[in-house]
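Dropping query_30.cif in here (mmCIF, C-alpha atoms):
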data_input
#
loop_
_atom_site.group_PDB
_atom_site.id
_atom_site.type_symbol
_atom_site.label_atom_id
_atom_site.label_comp_id
_atom_site.auth_asym_id
_atom_site.auth_seq_id
_atom_site.Cartn_x
_atom_site.Cartn_y
_atom_site.Cartn_z
ATOM 1 C CA MET A 1 17.209 16.113 4.852
ATOM 2 C CA LYS A 2 15.144 19.269 4.780
ATOM 3 C CA VAL A 3 11.703 18.004 5.815
ATOM 4 C CA LEU A 4 8.395 19.846 5.476
ATOM 5 C CA VAL A 5 6.232 18.729 8.413
ATOM 6 C CA LEU A 6 2.476 19.283 8.515
ATOM 7 C CA GLY A 7 1.003 18.995 12.007
ATOM 8 C CA SER A 8 4.338 19.745 13.666
ATOM 9 C CA THR A 9 2.704 21.346 16.707
ATOM 10 C CA GLY A 10 0.395 18.412 17.504
ATOM 11 C CA TYR A 11 0.967 15.687 20.066
ATOM 12 C CA ILE A 12 2.555 13.190 17.685
ATOM 13 C CA GLY A 13 3.874 15.896 15.376
ATOM 14 C CA SER A 14 5.860 17.552 18.164
ATOM 15 C CA ALA A 15 7.528 14.262 19.041
ATOM 16 C CA VAL A 16 8.325 13.516 15.410
ATOM 17 C CA THR A 17 9.762 17.005 14.962
ATOM 18 C CA ARG A 18 12.040 16.537 17.984
ATOM 19 C CA ARG A 19 13.191 13.171 16.670
ATOM 20 C CA LEU A 20 13.939 14.482 13.187
ATOM 21 C CA VAL A 21 15.949 17.376 14.594
ATOM 22 C CA ASP A 22 17.852 15.026 16.904
ATOM 23 C CA ASP A 23 18.627 12.853 13.882
ATOM 24 C CA GLY A 24 20.201 15.843 12.145
ATOM 25 C CA HIS A 25 17.390 16.799 9.781
ATOM 26 C CA THR A 26 16.141 20.351 9.235
ATOM 27 C CA VAL A 27 12.411 20.661 9.945
ATOM 28 C CA VAL A 28 10.325 23.207 8.063
ATOM 29 C CA PRO A 29 6.933 23.555 9.804
ATOM 30 C CA PHE A 30 3.804 24.087 7.732
ATOM 31 C CA LEU A 31 1.528 26.318 9.786
ATOM 32 C CA LYS A 32 -1.992 27.568 9.248
ATOM 33 C CA THR A 33 -2.115 31.013 7.683
ATOM 34 C CA GLY A 34 -2.314 33.630 10.431
ATOM 35 C CA THR A 35 -0.331 31.580 12.934
ATOM 36 C CA ALA A 36 2.596 33.417 14.500
ATOM 37 C CA ALA A 37 5.935 32.102 13.289
ATOM 38 C CA PRO A 38 8.107 30.588 16.034
ATOM 39 C CA ALA A 39 11.054 32.693 17.184
ATOM 40 C CA PRO A 40 13.803 33.268 16.182
ATOM 41 C CA GLY A 41 12.330 32.831 12.740
ATOM 42 C CA PRO A 42 13.334 29.516 11.153
ATOM 43 C CA ASP A 43 12.133 28.558 7.685
ATOM 44 C CA VAL A 44 8.348 28.209 7.939
ATOM 45 C CA ARG A 45 5.657 27.699 5.309
ATOM 46 C CA PHE A 46 2.075 28.908 5.709
ATOM 47 C CA GLY A 47 -1.177 27.760 4.188
ATOM 48 C CA ASP A 48 -4.222 25.615 4.813
ATOM 49 C CA LEU A 49 -5.104 21.957 4.302
ATOM 50 C CA THR A 50 -8.151 23.040 2.320
ATOM 51 C CA ASP A 51 -6.079 25.277 0.017
ATOM 52 C CA PRO A 52 -4.247 23.042 -2.472
ATOM 53 C CA ASP A 53 -2.330 25.961 -3.985
ATOM 54 C CA SER A 54 -0.758 26.803 -0.616
ATOM 55 C CA LEU A 55 0.230 23.163 -0.135
ATOM 56 C CA ARG A 56 1.754 22.868 -3.581
ATOM 57 C CA THR A 57 3.665 26.107 -3.152
ATOM 58 C CA ALA A 58 5.096 24.938 0.187
ATOM 59 C CA VAL A 59 6.868 21.966 -1.433
ATOM 60 C CA THR A 60 9.741 23.890 -2.969
ATOM 61 C CA ASP A 61 12.724 22.352 -4.748
ATOM 62 C CA ASP A 62 14.858 22.487 -1.600
ATOM 63 C CA ILE A 63 12.418 20.282 0.346
ATOM 64 C CA ASP A 64 13.767 16.720 0.450
ATOM 65 C CA ALA A 65 10.762 15.077 2.097
ATOM 66 C CA VAL A 66 7.226 15.811 3.300
ATOM 67 C CA VAL A 67 5.758 14.291 6.467
ATOM 68 C CA ASN A 68 2.010 14.780 6.884
ATOM 69 C CA LEU A 69 0.903 14.477 10.521
ATOM 70 C CA ALA A 70 -1.933 16.977 10.217
ATOM 71 C CA THR A 71 -5.401 16.131 11.461
ATOM 72 C CA PRO A 72 -7.602 15.234 8.467
ATOM 73 C CA THR A 73 -10.256 17.756 7.521
ATOM 74 C CA GLY A 74 -13.084 15.229 7.707
ATOM 75 C CA ASP A 75 -13.872 15.924 4.047
ATOM 76 C CA GLU A 76 -12.650 13.162 1.734
ATOM 77 C CA GLN A 77 -12.544 15.379 -1.330
ATOM 78 C CA ALA A 78 -10.491 18.027 0.486
ATOM 79 C CA ASP A 79 -8.080 15.462 1.925
ATOM 80 C CA ALA A 80 -7.617 13.796 -1.464
ATOM 81 C CA ALA A 81 -6.945 17.188 -3.069
ATOM 82 C CA ALA A 82 -4.386 17.924 -0.347
ATOM 83 C CA ILE A 83 -2.517 14.690 -1.095
ATOM 84 C CA ASP A 84 -2.493 15.507 -4.803
ATOM 85 C CA ALA A 85 -1.159 19.000 -4.108
ATOM 86 C CA LEU A 86 1.587 17.829 -1.747
ATOM 87 C CA THR A 87 2.792 15.022 -3.986
ATOM 88 C CA ALA A 88 2.617 16.836 -7.341
ATOM 89 C CA PRO A 89 5.951 18.682 -6.846
ATOM 90 C CA LEU A 90 7.615 15.402 -5.770
ATOM 91 C CA ARG A 91 6.846 13.464 -8.948
ATOM 92 C CA GLY A 92 9.871 12.028 -10.672
ATOM 93 C CA THR A 93 12.248 13.065 -7.893
ATOM 94 C CA ARG A 94 12.454 10.033 -5.560
ATOM 95 C CA ARG A 95 11.792 12.419 -2.692
ATOM 96 C CA ALA A 96 9.798 11.028 0.243
ATOM 97 C CA PHE A 97 6.189 11.592 1.290
ATOM 98 C CA LEU A 98 4.838 10.059 4.517
ATOM 99 C CA TYR A 99 1.167 10.051 5.441
ATOM 100 C CA THR A 100 -0.282 9.414 8.898
ATOM 101 C CA SER A 101 -3.310 7.161 9.183
ATOM 102 C CA GLY A 102 -4.185 4.958 12.178
ATOM 103 C CA VAL A 103 -5.103 1.449 13.267
ATOM 104 C CA TRP A 104 -8.800 2.265 13.490
ATOM 105 C CA VAL A 105 -8.996 1.661 9.722
ATOM 106 C CA LEU A 106 -8.653 -2.055 10.526
ATOM 107 C CA GLY A 107 -11.852 -2.245 12.559
ATOM 108 C CA ALA A 108 -12.289 -4.991 15.154
ATOM 109 C CA THR A 109 -9.536 -7.558 14.668
ATOM 110 C CA GLY A 110 -10.077 -10.465 17.029
ATOM 111 C CA ASP A 111 -7.424 -12.166 19.132
ATOM 112 C CA ARG A 112 -4.682 -12.786 16.569
ATOM 113 C CA PRO A 113 -2.421 -9.774 15.915
ATOM 114 C CA VAL A 114 -3.128 -8.500 12.409
ATOM 115 C CA THR A 115 -0.397 -7.265 10.105
ATOM 116 C CA GLU A 116 -0.251 -4.644 7.381
ATOM 117 C CA ASP A 117 -1.564 -7.276 4.954
ATOM 118 C CA ALA A 118 -4.941 -7.480 6.704
ATOM 119 C CA PRO A 119 -7.941 -5.968 4.869
ATOM 120 C CA THR A 120 -9.358 -2.724 6.197
ATOM 121 C CA ASN A 121 -12.767 -2.479 7.826
ATOM 122 C CA ALA A 122 -12.766 1.143 8.900
ATOM 123 C CA ILE A 123 -15.098 2.373 11.610
ATOM 124 C CA ASP A 124 -17.161 5.507 11.022
ATOM 125 C CA ILE A 125 -14.727 8.040 12.495
ATOM 126 C CA VAL A 126 -12.108 7.079 9.855
ATOM 127 C CA GLY A 127 -14.507 5.784 7.219
ATOM 128 C CA TYR A 128 -12.807 7.137 4.105
ATOM 129 C CA ARG A 129 -9.214 6.968 5.393
ATOM 130 C CA PRO A 130 -8.329 3.666 3.616
ATOM 131 C CA ARG A 131 -8.971 5.335 0.259
ATOM 132 C CA ILE A 132 -6.580 8.158 1.170
ATOM 133 C CA GLU A 133 -4.009 5.558 2.232
ATOM 134 C CA GLN A 134 -4.298 3.874 -1.159
ATOM 135 C CA GLN A 135 -3.967 7.206 -2.929
ATOM 136 C CA VAL A 136 -0.670 7.796 -1.123
ATOM 137 C CA LEU A 137 0.637 4.299 -1.836
ATOM 138 C CA ASP A 138 -0.345 4.562 -5.499
ATOM 139 C CA ALA A 139 1.659 7.788 -5.831
ATOM 140 C CA ALA A 140 4.802 5.650 -5.638
ATOM 141 C CA ARG A 141 4.178 4.887 -9.314
ATOM 142 C CA HIS A 142 5.239 8.475 -10.026
ATOM 143 C CA ASP A 143 8.719 7.926 -8.585
ATOM 144 C CA ILE A 144 7.849 9.265 -5.127
ATOM 145 C CA ARG A 145 9.061 7.345 -2.081
ATOM 146 C CA THR A 146 5.660 7.234 -0.399
ATOM 147 C CA GLY A 147 4.819 5.571 2.893
ATOM 148 C CA VAL A 148 1.847 5.269 5.224
ATOM 149 C CA VAL A 149 2.220 4.963 8.994
ATOM 150 C CA ARG A 150 -0.678 3.687 11.095
ATOM 151 C CA PRO A 151 0.018 4.599 14.726
ATOM 152 C CA GLY A 152 -1.601 2.661 17.524
ATOM 153 C CA ILE A 153 -3.025 4.529 20.510
ATOM 154 C CA ALA A 154 -0.185 6.856 21.457
ATOM 155 C CA TYR A 155 0.785 7.593 25.052
ATOM 156 C CA GLY A 156 3.532 9.270 27.050
ATOM 157 C CA HIS A 157 4.482 12.753 28.262
ATOM 158 C CA GLY A 158 1.014 13.377 29.639
ATOM 159 C CA GLY A 159 -0.760 13.330 26.292
ATOM 160 C CA GLY A 160 -2.833 11.152 24.037
ATOM 161 C CA ILE A 161 -6.041 9.298 24.781
ATOM 162 C CA PRO A 162 -4.690 7.852 28.072
ATOM 163 C CA ALA A 163 -4.658 11.419 29.383
ATOM 164 C CA LEU A 164 -8.446 11.355 29.012
ATOM 165 C CA MET A 165 -8.584 8.262 31.195
ATOM 166 C CA LEU A 166 -6.623 10.054 33.890
ATOM 167 C CA ALA A 167 -9.018 12.990 33.698
ATOM 168 C CA TRP A 168 -11.978 10.622 34.026
ATOM 169 C CA ALA A 169 -10.402 8.966 37.072
ATOM 170 C CA LYS A 170 -9.874 12.332 38.726
ATOM 171 C CA GLU A 171 -13.399 13.478 37.937
ATOM 172 C CA HIS A 172 -15.260 10.304 38.919
ATOM 173 C CA GLY A 173 -13.060 8.940 41.685
ATOM 174 C CA THR A 174 -12.441 5.698 39.839
ATOM 175 C CA GLY A 175 -10.905 4.556 36.589
ATOM 176 C CA ARG A 176 -13.305 4.046 33.705
ATOM 177 C CA TYR A 177 -13.146 2.610 30.212
ATOM 178 C CA VAL A 178 -15.597 2.710 27.313
ATOM 179 C CA GLY A 179 -17.324 -0.484 26.292
ATOM 180 C CA THR A 180 -16.738 -3.969 27.691
ATOM 181 C CA PRO A 181 -13.998 -5.539 29.840
ATOM 182 C CA GLY A 182 -12.776 -7.372 26.735
ATOM 183 C CA THR A 183 -11.685 -4.229 24.892
ATOM 184 C CA ARG A 184 -7.986 -4.042 23.988
ATOM 185 C CA TRP A 185 -5.932 -1.308 22.340
ATOM 186 C CA PRO A 186 -2.725 -1.593 20.286
ATOM 187 C CA MET A 187 -0.426 1.078 21.724
ATOM 188 C CA VAL A 188 2.834 2.921 21.214
ATOM 189 C CA HIS A 189 4.817 5.459 23.222
ATOM 190 C CA VAL A 190 4.959 8.704 21.285
ATOM 191 C CA ASP A 191 8.777 8.734 21.421
ATOM 192 C CA ASP A 192 9.021 5.209 19.991
ATOM 193 C CA LEU A 193 6.549 6.242 17.294
ATOM 194 C CA ALA A 194 8.681 9.260 16.439
ATOM 195 C CA THR A 195 11.686 6.984 16.022
ATOM 196 C CA LEU A 196 9.672 4.873 13.597
ATOM 197 C CA TYR A 197 8.885 7.908 11.454
ATOM 198 C CA GLY A 198 12.591 8.631 11.189
ATOM 199 C CA LEU A 199 13.281 5.068 10.088
ATOM 200 C CA VAL A 200 10.489 5.012 7.511
ATOM 201 C CA LEU A 201 11.698 8.343 6.159
ATOM 202 C CA THR A 202 15.250 7.147 5.608
ATOM 203 C CA LYS A 203 15.048 3.383 5.095
ATOM 204 C CA ALA A 204 11.630 2.264 3.816
ATOM 205 C CA ASP A 205 10.910 1.309 0.225
ATOM 206 C CA ALA A 206 8.415 3.288 -1.825
ATOM 207 C CA GLY A 207 4.745 2.428 -1.522
ATOM 208 C CA THR A 208 4.984 0.697 1.854
ATOM 209 C CA LEU A 209 2.654 0.558 4.835
ATOM 210 C CA TRP A 210 3.750 0.377 8.480
ATOM 211 C CA HIS A 211 1.992 -0.259 11.782
ATOM 212 C CA GLY A 212 3.333 1.999 14.511
ATOM 213 C CA VAL A 213 2.489 -0.429 17.317
ATOM 214 C CA ALA A 214 4.874 -1.379 20.114
ATOM 215 C CA VAL A 215 2.418 -3.377 22.281
ATOM 216 C CA ASP A 216 -0.009 -5.580 20.329
ATOM 217 C CA SER A 217 -2.856 -5.225 22.800
ATOM 218 C CA VAL A 218 -3.451 -3.603 26.170
ATOM 219 C CA ALA A 219 -6.641 -4.307 28.102
ATOM 220 C CA THR A 220 -8.510 -1.057 28.665
ATOM 221 C CA PRO A 221 -9.625 -2.102 32.194
ATOM 222 C CA ALA A 222 -5.920 -2.352 33.094
ATOM 223 C CA LEU A 223 -5.312 1.123 31.673
ATOM 224 C CA ALA A 224 -8.274 2.488 33.598
ATOM 225 C CA ALA A 225 -6.972 0.928 36.824
ATOM 226 C CA ALA A 226 -3.535 2.428 36.181
ATOM 227 C CA ALA A 227 -5.153 5.813 35.594
ATOM 228 C CA ASP A 228 -6.973 5.503 38.904
ATOM 229 C CA LEU A 229 -3.675 4.795 40.670
ATOM 230 C CA ALA A 230 -2.090 7.797 38.943
ATOM 231 C CA ALA A 231 -5.005 9.921 40.146
ATOM 232 C CA GLY A 232 -4.415 8.825 43.745
ATOM 233 C CA GLY A 233 -6.932 5.993 43.852
ATOM 234 C CA VAL A 234 -6.532 2.334 44.711
ATOM 235 C CA GLY A 235 -6.655 0.976 41.164
ATOM 236 C CA ARG A 236 -10.371 0.577 40.598
ATOM 237 C CA ALA A 237 -11.874 0.451 37.120
ATOM 238 C CA GLU A 238 -15.461 0.381 35.937
ATOM 239 C CA PRO A 239 -17.034 0.128 32.482
ATOM 240 C CA TRP A 240 -18.600 3.176 30.866
ATOM 241 C CA PRO A 241 -21.414 1.794 28.695
ATOM 242 C CA LEU A 242 -21.087 2.848 25.068
ATOM 243 C CA GLU A 243 -24.487 4.518 24.982
ATOM 244 C CA GLN A 244 -23.645 6.691 27.992
ATOM 245 C CA ALA A 245 -20.159 7.508 26.745
ATOM 246 C CA ALA A 246 -21.593 8.544 23.384
ATOM 247 C CA GLU A 247 -23.730 11.188 25.074
ATOM 248 C CA THR A 248 -20.554 12.862 26.338
ATOM 249 C CA LEU A 249 -17.968 12.007 23.675
ATOM 250 C CA GLY A 250 -20.096 11.669 20.575
ATOM 251 C CA LEU A 251 -20.946 8.304 19.068
ATOM 252 C CA PRO A 252 -18.077 8.023 16.528
ATOM 253 C CA PHE A 253 -15.352 8.680 19.114
ATOM 254 C CA ALA A 254 -17.025 6.496 21.727
ATOM 255 C CA GLN A 255 -17.208 3.641 19.211
ATOM 256 C CA ALA A 256 -13.498 4.075 18.509
ATOM 257 C CA LEU A 257 -12.640 3.862 22.211
ATOM 258 C CA ALA A 258 -14.725 0.713 22.526
ATOM 259 C CA LEU A 259 -12.999 -0.935 19.536
ATOM 260 C CA ASP A 260 -11.271 -4.212 20.401
ATOM 261 C CA GLN A 261 -8.037 -4.620 18.448
ATOM 262 C CA THR A 262 -4.861 -6.673 18.456
ATOM 263 C CA VAL A 263 -2.346 -5.322 15.949
ATOM 264 C CA SER A 264 1.231 -6.312 15.143
ATOM 265 C CA GLY A 265 4.045 -3.831 14.561
ATOM 266 C CA ASP A 266 6.581 -6.567 13.901
ATOM 267 C CA ARG A 267 7.164 -5.635 10.254
ATOM 268 C CA ALA A 268 8.956 -2.430 11.235
ATOM 269 C CA VAL A 269 11.010 -4.329 13.810
ATOM 270 C CA ARG A 270 12.128 -6.929 11.265
ATOM 271 C CA LEU A 271 12.645 -4.765 8.201
ATOM 272 C CA LEU A 272 13.611 -1.351 9.569
ATOM 273 C CA GLY A 273 15.331 -2.311 12.812
ATOM 274 C CA TRP A 274 12.769 -0.446 14.920
ATOM 275 C CA GLN A 275 13.351 -1.115 18.625
ATOM 276 C CA PRO A 276 10.615 0.336 20.866
ATOM 277 C CA ALA A 277 12.248 1.023 24.213
ATOM 278 C CA GLN A 278 9.797 3.010 26.328
ATOM 279 C CA ALA A 279 7.815 1.791 29.346
ATOM 280 C CA HIS A 280 4.617 -0.248 28.991
ATOM 281 C CA PRO A 281 1.487 1.954 28.900
ATOM 282 C CA THR A 282 0.251 0.914 32.349
ATOM 283 C CA THR A 283 3.708 1.452 33.827
ATOM 284 C CA ASP A 284 3.893 4.840 32.173
ATOM 285 C CA LEU A 285 0.569 5.863 33.694
ATOM 286 C CA ILE A 286 1.366 4.626 37.178
ATOM 287 C CA ALA A 287 4.849 6.156 37.111
ATOM 288 C CA GLY A 288 3.304 9.577 36.717
ATOM 289 C CA SER A 289 3.881 10.530 33.098
ATOM 290 C CA HIS A 290 0.266 11.650 32.936
ATOM 291 C CA ALA A 291 -0.066 12.752 36.531
#
Target format structure tokens, applied to this file:
Amino acid sequence: MKVLVLGSTGYIGSAVTRRLVDDGHTVVPFLKTGTAAPAPGPDVRFGDLTDPDSLRTAVTDDIDAVVNLATPTGDEQADAAAIDALTAPLRGTRRAFLYTSGVWVLGATGDRPVTEDAPTNAIDIVGYRPRIEQQVLDAARHDIRTGVVRPGIAYGHGGGIPALMLAWAKEHGTGRYVGTPGTRWPMVHVDDLATLYGLVLTKADAGTLWHGVAVDSVATPALAAAADLAAGGVGRAEPWPLEQAAETLGLPFAQALALDQTVSGDRAVRLLGWQPAQAHPTTDLIAGSHA
């Protein structure tokens, strides 16, 4: 396929781009106007997420699929207009459109791993995201093969939120985690996540939702201890009270890091044949991926 990718230079977007190319697809990056085109000059489209005309123009007839990994604008009206603009040229064509959301739309989940059928209870940092998800899923009624992927906390290759934990361990001389010792994160290695995008793009039915989660829950104290080991420590971990973390990180992000979740990614395993194969998050940290 010839795939237009928004957010191709980001942490997850770079991994997805590599995966798509390895799978034999042609990636067409969508870059912000004014960004230098990558050498030696492949097909590139330019525009802005807040400029619907530039988005609509980028989806030319030769584009077989659109994968949106771009960071949301934070403005619901602008994000909704962007989805309309990107999907309008795809109507009636059976071409694919994938949207990237995240597990934070589920809110706190409790101990039992929740599936894609669970109701949303989005925290503030992603408050309007469920409505954008539904907009994408509803577009399947216009003969577009739409899909929504909700990644867990991504890790690997020295990036993602776990990289922050390593930085904290280096700065403070001990691992630290936001919130309480009971906090757990659903997680996925960025390479396994990229593989999932490829599978959803080629195999998933229209109007479907997928959790990109390889490990249902990982205790954040264990991650913090692993980060301390990676930073040269002895594996200590201490809580960072939410109120204090909010002063440094901002309250919405601190609340997200303190969110306790257990989320299942089994649907993609059963229905798409997804087989996450990368190391466990704590192993990845200790082994030096982030060091």
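Residue selection for this entry, given the PyMOL selection byres ((chain A and resi 180) around 8), comprises A:Tyr177, A:Val178, A:Gly179, A:Pro181, A:Gly182, A:Thr183, A:Pro239, A:Pro241, A:Ala258.
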Where does range 73-187 of chain A meet range 50-63 of chain A within 8 Å, residue by residue, with the nearest atom pair and distance in Å to one decimal for each, counting only C-alpha atoms, listed by chain and rising number, as JSON lines?
{"residue": "A:Thr73", "atom": "CA", "partner": "A:Thr50", "partner_atom": "CA", "distance": 7.7}
{"residue": "A:Ala78", "atom": "CA", "partner": "A:Thr50", "partner_atom": "CA", "distance": 5.8}
{"residue": "A:Asp79", "atom": "CA", "partner": "A:Thr50", "partner_atom": "CA", "distance": 7.6}
{"residue": "A:Ala81", "atom": "CA", "partner": "A:Pro52", "partner_atom": "CA", "distance": 6.5}
{"residue": "A:Ala82", "atom": "CA", "partner": "A:Pro52", "partner_atom": "CA", "distance": 5.5}
{"residue": "A:Ala85", "atom": "CA", "partner": "A:Arg56", "partner_atom": "CA", "distance": 4.9}
{"residue": "A:Leu86", "atom": "CA", "partner": "A:Arg56", "partner_atom": "CA", "distance": 5.4}
{"residue": "A:Thr87", "atom": "CA", "partner": "A:Arg56", "partner_atom": "CA", "distance": 7.9}
{"residue": "A:Ala88", "atom": "CA", "partner": "A:Arg56", "partner_atom": "CA", "distance": 7.2}
{"residue": "A:Pro89", "atom": "CA", "partner": "A:Val59", "partner_atom": "CA", "distance": 6.4}
{"residue": "A:Leu90", "atom": "CA", "partner": "A:Val59", "partner_atom": "CA", "distance": 7.9}
Residues returned when the PyMOL selection byres ((chain A and resi 285) around 10) runs on this file, as a ChimeraX atom specification: /A:155-158,162-163,165-166,223-231,279-284,286-291
Please expand the PyMOL selection byres ((chain A and resi 5) around 9) into the concrete residues it hits in this file, giving the result as an mmCIF file with C-alpha atoms, in the coordinates of the input.
data_model
loop_
_atom_site.group_PDB
_atom_site.id
_atom_site.type_symbol
_atom_site.label_atom_id
_atom_site.label_comp_id
_atom_site.auth_asym_id
_atom_site.auth_seq_id
_atom_site.Cartn_x
_atom_site.Cartn_y
_atom_site.Cartn_z
ATOM 1 C CA VAL A 3 11.703 18.004 5.815
ATOM 2 C CA LEU A 4 8.395 19.846 5.476
ATOM 3 C CA LEU A 6 2.476 19.283 8.515
ATOM 4 C CA GLY A 7 1.003 18.995 12.007
ATOM 5 C CA SER A 8 4.338 19.745 13.666
ATOM 6 C CA GLY A 13 3.874 15.896 15.376
ATOM 7 C CA VAL A 16 8.325 13.516 15.410
ATOM 8 C CA THR A 17 9.762 17.005 14.962
ATOM 9 C CA VAL A 27 12.411 20.661 9.945
ATOM 10 C CA VAL A 28 10.325 23.207 8.063
ATOM 11 C CA PRO A 29 6.933 23.555 9.804
ATOM 12 C CA PHE A 30 3.804 24.087 7.732
ATOM 13 C CA ALA A 65 10.762 15.077 2.097
ATOM 14 C CA VAL A 66 7.226 15.811 3.300
ATOM 15 C CA VAL A 67 5.758 14.291 6.467
ATOM 16 C CA ASN A 68 2.010 14.780 6.884
ATOM 17 C CA LEU A 69 0.903 14.477 10.521
ATOM 18 C CA ALA A 70 -1.933 16.977 10.217
#
Go ahead and compute the interatomic distance for CA of Ile161 in chain A and CA of Leu251 in chain A, in Å to one decimal.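 CA of Leu251 in chain A lies at a distance of 16.0 Å from CA of Ile161 in chain A.
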Work out where the centre of an axis-aligned box around every listed atom of range 8-22 of chain A lies and how long its edges are once 6 Å is added on each side; give both in Å to one decimal as lines of an AutoDock Vina configuration file.
center_x = 9.1
center_y = 17.3
center_z = 16.6
size_x = 29.5
size_y = 20.2
size_z = 18.9
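The coordinates place CA of Pro72 in chain A at 12.5 Å from CA of Gly10 in chain A.
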Distance criterion (all atoms listed in the file): nearest to Leu31 in chain A out of A:Ala268, A:Leu164, A:Leu49, A:Ala15: A:Leu49
Neighbouring residues of range 184-199 of chain A were defined as those with any atom within 7 Å, considering only C-alpha atoms; residues of the same chain fewer than 5 positions away were excluded. Please report them as a VMD selection string. chain A and resid 12 15 to 16 19 to 20 152 to 156 212 to 220 260 to 263 272 274 276 to 278
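Take CA of Ala245 in chain A and CA of Trp104 in chain A: the distance between them is 18.2 Å.
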Near-Leu209 in chain A list (8 Å; all atoms listed in the file; drop same-chain fewer than 5 positions) as a list in words: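 The contact residues come out as Glu116, Leu137, Gly147, Val148, Val149 and Arg150 of chain A.
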Go ahead and write the residues just picked, C-alpha atoms, as a JSON list (two decimals), keeping the file's coordinate frame.
[["chain", "number", "residue", "atom", "x", "y", "z"],
["A", 116, "GLU", "CA", -0.25, -4.64, 7.38],
["A", 137, "LEU", "CA", 0.64, 4.30, -1.84],
["A", 147, "GLY", "CA", 4.82, 5.57, 2.89],
["A", 148, "VAL", "CA", 1.85, 5.27, 5.22],
["A", 149, "VAL", "CA", 2.22, 4.96, 8.99],
["A", 150, "ARG", "CA", -0.68, 3.69, 11.10]]
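Using all atoms listed in the file for every distance, the candidate list A:Asp48, A:Gly232, A:Ala80, A:Ala37 yields A:Ala80 as the residue closest to Arg131 in chain A.
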Would you list the residues near (-10.7, 5.8, 3.0), meaning any protein, DNA or RNA residue with an atom at most 12 Å from that point in file coordinates, counting only C-alpha atoms, as an NGL selection string? :A and (72 or 74-77 or 79-80 or 101-102 or 104-106 or 120-136)
Rank A:Ala139, A:Tyr11, A:His172, A:Pro42 by their smallest atom-to-atom distance to Gly159 in chain A, using all atoms listed in the file, and report the top residue only.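 When distances to Gly159 in chain A are compared using all atoms listed in the file, the smallest one comes from A:Tyr11.
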Contacts of Thr174 in chain A at 8 Å or less, counting only C-alpha atoms, minus same-chain residues fewer than 3 places along, as a PyMOL selection string? chain A and resi 168-170+225+228+233+235-238
Residue with smallest distance to Asp64 in chain A - pool A:Thr93, A:Ser14, A:Thr146, A:Gln255, counting all atoms listed in the file: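 Among the listed residues, A:Thr93 lies closest to Asp64 in chain A.
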